[in-house]
Amino acid sequence: MESVMVVLGTRPEAIKLCPLIKELKQRGKYEVRVCSTGQHRAMLDSALEAFDVKPDFDLDVMRTGQTLSTVTARILKGIDEILEAERPSLVLVQGDTTTAFAAALSAFHHRIPVGHVEAGLRTYHMDSLFPEEFHRQAISLLSSVHFAPTVSAKKNLVKEGRAESSIFITGNTVVDALRFTLTQKKPYRRWSIPEACRLVVFTAHRRESFGEPIRGMFRALRSLVEAYPDIIAICPLHHNPEVRRAAAEILKGEPRIRTVEPPEIVSFHHLLSKAYLVITDSGGIQEETVALGIPTIVTRYSTERQEGIRAGVLRLAGSGEEGIRELGMRLLAPKSEEYEFMKKPSAVFGDGNASVRIVDAIEKML
Ligand code: UD1
Ligand code: UDP
């Protein structure tokens, strides 16, 4: 039997690959192996648990404060040994993380074909997102098959010289994940938001914003909450110590801002679905709020999810305090027409069947 190895290491990779792992296993045509690099720990484990996926291998590479080169080297070395022993027919990676890049490079060294899930997203600015834009472009060079979520993503790949026959437009598996989580009956965390209040969900974790920009984002959130007494903000804090330091400094003492440990994905998706407004620099959350039709301020100057801007749900505010505050004030104003215009779900990122399409393509390929 041919074997497929799925490599993942961070929270978003788990969320976007678990639906695909389940589909691969369900077809029963391949031996499916899951390798976790453990680039994240708590945040990864809770996502895997929600989907009931147990990795066959765990490299456990996470160390607090390690450099990008160190984590890349540790993953390369660990994956190298596993691929040498297992020799799968195909390695699947997702997105733009160090895990995805190092696993693709190692598979390439072993001459094992790489399939890239969520291929073709681009800002074409190497410092935004850093280091993700480099990872994406490098993974495209290393991959034999590209699962592009959208037509625009496919166009980027074709423009860069990838063969059309190697690209499949599949939608994004994050929508498959949303379908699963929002229909889960098992207990998830409930949020006691008073009826009369509007909920703002806020997240920040991008490396290029560390330091003054991330503090400015938190200050912007605080001033929005202070300006509108009916707002409650929930702010799940990424485990990166840089994020936690800035939040502790700026947000303390405001009772209508609740900083919480990152909820696992079922609880988080239920939280998002109740939000009036989302403010985020996350990639995956942009796709989710577009699918749910929840107006979203993106705290960046560029996004590789332009489809969400065109759909009207996402608005770029830049990462500066004043830009975020100004847009937030307008969208939160009573009877804001701008807000109403943004509030419509869109299927630009997928219809919930991306995993099925990806496995269909793999069946053709193997
Ligand atoms: C990584 C990805 C980024 C992705 C993000 C998703 C890279 C270079 N970056 O960024 O593209 O958007 O994951 O969240 O791959 N930590 C913990 N526990 C955890 C997770 C993280 O303590 O469960 C702390 C550790 O101190 C760790 C630090 O966060 O060293 C940074 O983690 P790392 O994976 O290097 O980068 P992220 O900022 O999470
Ligand atoms: N997420 C979660 N709990 C949280 C915050 C985010 O489960 O407290 C999920 C979110 O729904 C999305 C994914 O994590 O599916 C996004 O991960 P992150 O923002 O860390 O990374 P990015 O998508 O920016 O790479």
# chains A, B, ... in the order shown; residues from 1 in each chain; ligands from 1
>>> residues_near_ligand(ligand="ligand 1", cutoff="7 Å", atoms="only C-alpha atoms and all ligand atoms", output="list in words")
Thr10, Arg11, Pro12, Gln39, His40, Arg41, Ala42, Met43, Leu44, Met62, Arg63, Thr64, Gly65, Gln66, Leu68, Asp96, Thr97, Thr98, Thr99, Pro131, Glu132, His205, Arg206, Arg207, His239, Asn240, Pro241, Ser282 and Gly283 of chain A
>>> write_last_selection(atoms="C-alpha atoms", output="PDB file, in the first residue's frame")
ATOM      1  CA  THR A  10       1.641  24.678  14.699  1.00  0.00           C
ATOM      2  CA  ARG A  11      -1.966  25.386  15.648  1.00  0.00           C
ATOM      3  CA  PRO A  12      -3.158  26.568  12.197  1.00  0.00           C
ATOM      4  CA  GLN A  39       6.873  23.535  16.841  1.00  0.00           C
ATOM      5  CA  HIS A  40       3.945  24.600  19.049  1.00  0.00           C
ATOM      6  CA  ARG A  41       3.022  22.605  22.126  1.00  0.00           C
ATOM      7  CA  ALA A  42      -0.108  23.564  24.101  1.00  0.00           C
ATOM      8  CA  MET A  43      -1.723  25.330  21.143  1.00  0.00           C
ATOM      9  CA  LEU A  44      -1.037  22.402  18.809  1.00  0.00           C
ATOM     10  CA  MET A  62       9.574  23.694  20.848  1.00  0.00           C
ATOM     11  CA  ARG A  63      11.860  25.600  23.201  1.00  0.00           C
ATOM     12  CA  THR A  64      10.981  29.004  24.612  1.00  0.00           C
ATOM     13  CA  GLY A  65      12.633  31.835  22.712  1.00  0.00           C
ATOM     14  CA  GLN A  66      14.542  29.733  20.153  1.00  0.00           C
ATOM     15  CA  LEU A  68      14.168  30.768  13.518  1.00  0.00           C
ATOM     16  CA  ASP A  96       3.903  28.855   5.425  1.00  0.00           C
ATOM     17  CA  THR A  97       5.442  27.868   8.749  1.00  0.00           C
ATOM     18  CA  THR A  98       8.964  26.740   9.569  1.00  0.00           C
ATOM     19  CA  THR A  99       7.568  23.223   9.941  1.00  0.00           C
ATOM     20  CA  PRO A 131       9.433  34.804   7.364  1.00  0.00           C
ATOM     21  CA  GLU A 132       6.215  33.354   5.935  1.00  0.00           C
ATOM     22  CA  HIS A 205       0.848  37.446  17.046  1.00  0.00           C
ATOM     23  CA  ARG A 206       2.834  38.438  13.930  1.00  0.00           C
ATOM     24  CA  ARG A 207       6.581  38.547  14.368  1.00  0.00           C
ATOM     25  CA  HIS A 239       1.689  31.837  23.892  1.00  0.00           C
ATOM     26  CA  ASN A 240       4.562  33.842  22.439  1.00  0.00           C
ATOM     27  CA  PRO A 241       6.047  35.726  25.421  1.00  0.00           C
ATOM     28  CA  SER A 282      -4.066  36.174  11.863  1.00  0.00           C
ATOM     29  CA  GLY A 283      -4.220  34.538   8.441  1.00  0.00           C
TER      30      GLY A 283
END
>>> closest_atom_pairs(of="chain A", to="ligand 2", cutoff="9 Å", atoms="only C-alpha atoms and all ligand atoms", output="JSON lines")
{"residue": "A:Thr10", "atom": "CA", "partner": "ligand 2", "partner_atom_place_in_ligand_line": "20 (O)", "distance": 7.7}
{"residue": "A:Arg11", "atom": "CA", "partner": "ligand 2", "partner_atom_place_in_ligand_line": "17 (O)", "distance": 5.7}
{"residue": "A:Pro12", "atom": "CA", "partner": "ligand 2", "partner_atom_place_in_ligand_line": "17 (O)", "distance": 4.4}
{"residue": "A:Glu13", "atom": "CA", "partner": "ligand 2", "partner_atom_place_in_ligand_line": "25 (O)", "distance": 7.9}
{"residue": "A:Ala14", "atom": "CA", "partner": "ligand 2", "partner_atom_place_in_ligand_line": "13 (C)", "distance": 8.8}
{"residue": "A:Ile15", "atom": "CA", "partner": "ligand 2", "partner_atom_place_in_ligand_line": "15 (O)", "distance": 5.8}
{"residue": "A:Lys16", "atom": "CA", "partner": "ligand 2", "partner_atom_place_in_ligand_line": "15 (O)", "distance": 7.3}
{"residue": "A:Met43", "atom": "CA", "partner": "ligand 2", "partner_atom_place_in_ligand_line": "3 (N)", "distance": 7.7}
{"residue": "A:Ser46", "atom": "CA", "partner": "ligand 2", "partner_atom_place_in_ligand_line": "7 (O)", "distance": 8.3}
{"residue": "A:Ala47", "atom": "CA", "partner": "ligand 2", "partner_atom_place_in_ligand_line": "7 (O)", "distance": 6.7}
{"residue": "A:Gly95", "atom": "CA", "partner": "ligand 2", "partner_atom_place_in_ligand_line": "25 (O)", "distance": 7.9}
{"residue": "A:Asp96", "atom": "CA", "partner": "ligand 2", "partner_atom_place_in_ligand_line": "25 (O)", "distance": 7.7}
{"residue": "A:Thr97", "atom": "CA", "partner": "ligand 2", "partner_atom_place_in_ligand_line": "25 (O)", "distance": 7.6}
{"residue": "A:Glu132", "atom": "CA", "partner": "ligand 2", "partner_atom_place_in_ligand_line": "25 (O)", "distance": 8.9}
{"residue": "A:Val174", "atom": "CA", "partner": "ligand 2", "partner_atom_place_in_ligand_line": "15 (O)", "distance": 6.7}
{"residue": "A:Ala177", "atom": "CA", "partner": "ligand 2", "partner_atom_place_in_ligand_line": "15 (O)", "distance": 8.1}
{"residue": "A:Leu178", "atom": "CA", "partner": "ligand 2", "partner_atom_place_in_ligand_line": "15 (O)", "distance": 8.3}
{"residue": "A:Thr203", "atom": "CA", "partner": "ligand 2", "partner_atom_place_in_ligand_line": "5 (C)", "distance": 6.9}
{"residue": "A:Ala204", "atom": "CA", "partner": "ligand 2", "partner_atom_place_in_ligand_line": "19 (O)", "distance": 7.6}
{"residue": "A:His205", "atom": "CA", "partner": "ligand 2", "partner_atom_place_in_ligand_line": "20 (O)", "distance": 7.1}
{"residue": "A:Arg206", "atom": "CA", "partner": "ligand 2", "partner_atom_place_in_ligand_line": "24 (O)", "distance": 7.4}
{"residue": "A:Cys235", "atom": "CA", "partner": "ligand 2", "partner_atom_place_in_ligand_line": "8 (O)", "distance": 8.0}
{"residue": "A:Pro236", "atom": "CA", "partner": "ligand 2", "partner_atom_place_in_ligand_line": "8 (O)", "distance": 4.7}
{"residue": "A:Leu237", "atom": "CA", "partner": "ligand 2", "partner_atom_place_in_ligand_line": "8 (O)", "distance": 6.8}
{"residue": "A:His238", "atom": "CA", "partner": "ligand 2", "partner_atom_place_in_ligand_line": "8 (O)", "distance": 7.0}
{"residue": "A:Val260", "atom": "CA", "partner": "ligand 2", "partner_atom_place_in_ligand_line": "8 (O)", "distance": 8.1}
{"residue": "A:Glu261", "atom": "CA", "partner": "ligand 2", "partner_atom_place_in_ligand_line": "8 (O)", "distance": 6.9}
{"residue": "A:Pro262", "atom": "CA", "partner": "ligand 2", "partner_atom_place_in_ligand_line": "8 (O)", "distance": 3.4}
{"residue": "A:Pro263", "atom": "CA", "partner": "ligand 2", "partner_atom_place_in_ligand_line": "8 (O)", "distance": 4.5}
{"residue": "A:Glu264", "atom": "CA", "partner": "ligand 2", "partner_atom_place_in_ligand_line": "7 (O)", "distance": 4.7}
{"residue": "A:Ile265", "atom": "CA", "partner": "ligand 2", "partner_atom_place_in_ligand_line": "7 (O)", "distance": 3.6}
{"residue": "A:Val266", "atom": "CA", "partner": "ligand 2", "partner_atom_place_in_ligand_line": "7 (O)", "distance": 7.2}
{"residue": "A:Ser267", "atom": "CA", "partner": "ligand 2", "partner_atom_place_in_ligand_line": "7 (O)", "distance": 7.6}
{"residue": "A:Phe268", "atom": "CA", "partner": "ligand 2", "partner_atom_place_in_ligand_line": "3 (N)", "distance": 5.1}
{"residue": "A:His269", "atom": "CA", "partner": "ligand 2", "partner_atom_place_in_ligand_line": "11 (O)", "distance": 5.8}
{"residue": "A:Leu272", "atom": "CA", "partner": "ligand 2", "partner_atom_place_in_ligand_line": "11 (O)", "distance": 7.9}
{"residue": "A:Thr280", "atom": "CA", "partner": "ligand 2", "partner_atom_place_in_ligand_line": "19 (O)", "distance": 8.1}
{"residue": "A:Asp281", "atom": "CA", "partner": "ligand 2", "partner_atom_place_in_ligand_line": "24 (O)", "distance": 6.6}
{"residue": "A:Ser282", "atom": "CA", "partner": "ligand 2", "partner_atom_place_in_ligand_line": "24 (O)", "distance": 3.4}
{"residue": "A:Gly283", "atom": "CA", "partner": "ligand 2", "partner_atom_place_in_ligand_line": "24 (O)", "distance": 3.8}
{"residue": "A:Gly284", "atom": "CA", "partner": "ligand 2", "partner_atom_place_in_ligand_line": "23 (O)", "distance": 3.5}
{"residue": "A:Ile285", "atom": "CA", "partner": "ligand 2", "partner_atom_place_in_ligand_line": "12 (C)", "distance": 4.9}
{"residue": "A:Gln286", "atom": "CA", "partner": "ligand 2", "partner_atom_place_in_ligand_line": "23 (O)", "distance": 7.9}
{"residue": "A:Glu287", "atom": "CA", "partner": "ligand 2", "partner_atom_place_in_ligand_line": "15 (O)", "distance": 8.4}
{"residue": "A:Glu288", "atom": "CA", "partner": "ligand 2", "partner_atom_place_in_ligand_line": "11 (O)", "distance": 6.9}
>>> closest_residue(among="A:Ile358, A:Val201, A:Cys18, A:Ala107", to="Thr289 of chain A", atoms="only C-alpha atoms")
A:Val201
>>> closest_atom_pairs(of="segment 132-199 of chain A", to="segment 298-311 of chain A", cutoff="12 Å", atoms="only C-alpha atoms", output="Markdown table")
| residue | atom | partner | partner_atom | distance |
| --- | --- | --- | --- | --- |
| A:Glu132 | CA | A:Glu304 | CA | 10.7 |
| A:Glu133 | CA | A:Glu304 | CA | 9.3 |
| A:Arg136 | CA | A:Glu304 | CA | 10.9 |
| A:Pro149 | CA | A:Arg305 | CA | 10.3 |
| A:Thr150 | CA | A:Glu307 | CA | 8.4 |
| A:Val151 | CA | A:Glu307 | CA | 9.6 |
| A:Ser152 | CA | A:Glu307 | CA | 8.1 |
| A:Ala153 | CA | A:Glu304 | CA | 9.1 |
| A:Asn156 | CA | A:Glu304 | CA | 11.0 |
| A:Gly171 | CA | A:Glu307 | CA | 11.9 |
| A:Asn172 | CA | A:Arg305 | CA | 11.3 |
>>> closest_residue(among="A:Val93, A:Ile279, A:Val6, A:Val53", to="Arg325 of chain A", atoms="only C-alpha atoms")
A:Ile279
>>> select_by_dssp(residues="segment 215-341 of chain A", states="strand (DSSP E)", output="NGL selection string")
:A and (231-236 or 257-260 or 277-280 or 296-298 or 314-316)
>>> residues_around(residues="Val32 of chain A", least_positions_apart="3", cutoff="8 Å", atoms="only C-alpha atoms", output="tab-separated table (two decimals) with N, CA and C atoms, in the first residue's frame")
chain	number	residue	atom	x	y	z
A	3	SER	N	2.01	5.05	0.88
A	3	SER	CA	1.81	5.76	2.15
A	3	SER	C	1.96	7.26	1.96
A	4	VAL	N	1.18	7.99	2.75
A	4	VAL	CA	1.21	9.45	2.71
A	4	VAL	C	1.59	9.93	4.10
A	5	MET	N	2.60	10.82	4.15
A	5	MET	CA	2.97	11.38	5.46
A	5	MET	C	2.54	12.84	5.53
A	6	VAL	N	1.75	13.15	6.55
A	6	VAL	CA	1.28	14.52	6.75
A	6	VAL	C	2.12	15.12	7.87
A	21	ILE	N	-6.63	14.83	6.98
A	21	ILE	CA	-6.15	13.55	7.54
A	21	ILE	C	-7.35	12.60	7.69
A	24	LEU	N	-8.39	11.34	4.24
A	24	LEU	CA	-7.42	10.35	3.73
A	24	LEU	C	-7.62	9.00	4.41
A	25	LYS	N	-7.82	9.04	5.73
A	25	LYS	CA	-7.97	7.78	6.48
A	25	LYS	C	-9.27	7.09	6.09
>>> atom_distance(atom1="atom CA of Ala291 of chain A", atom2="atom CA of Gly350 of chain A")
8.0 Å
>>> atom_distance(atom1="atom CA of Leu277 of chain A", atom2="atom CA of Ala233 of chain A")
9.5 Å
>>> residues_around(residues="Phe108 of chain A", least_positions_apart="6", cutoff="8 Å", atoms="only C-alpha atoms", output="list of chain:residue names")
A:Val114, A:Leu142, A:Ser143
>>> select_by_dssp(residues="segment 149-337 of chain A", states="helix (DSSP H, G or I)", output="PyMOL selection string")
chain A and resi 151-159+164-166+173-181+207-209+212-227+241-251+265-273+283-292+306-310+321-332+337
>>> closest_residue(among="A:Ala354, A:Val278, A:Met365, A:Leu224", to="Glu23 of chain A", atoms="only C-alpha atoms")
A:Ala354
>>> atom_distance(atom1="atom CA of Ser36 of chain A", atom2="atom CA of Gly9 of chain A")
5.2 Å
>>> closest_residue(among="A:Gln137, A:Thr259, A:Ser346, A:Thr173", to="Arg222 of chain A", atoms="only C-alpha atoms")
A:Thr259
>>> closest_residue(among="A:Lys186, A:Arg357, A:Lys22, A:Arg74", to="Gly38 of chain A", atoms="only C-alpha atoms")
A:Arg74
>>> closest_residue(among="A:Leu331, A:Ile167, A:Leu105, A:Leu92", to="Leu20 of chain A", atoms="only C-alpha atoms")
A:Leu92
>>> residues_around(residues="His109 of chain A", least_positions_apart="5", cutoff="10 Å", atoms="only C-alpha atoms", output="NGL selection string")
:A and (80 or 83 or 103-104 or 142)
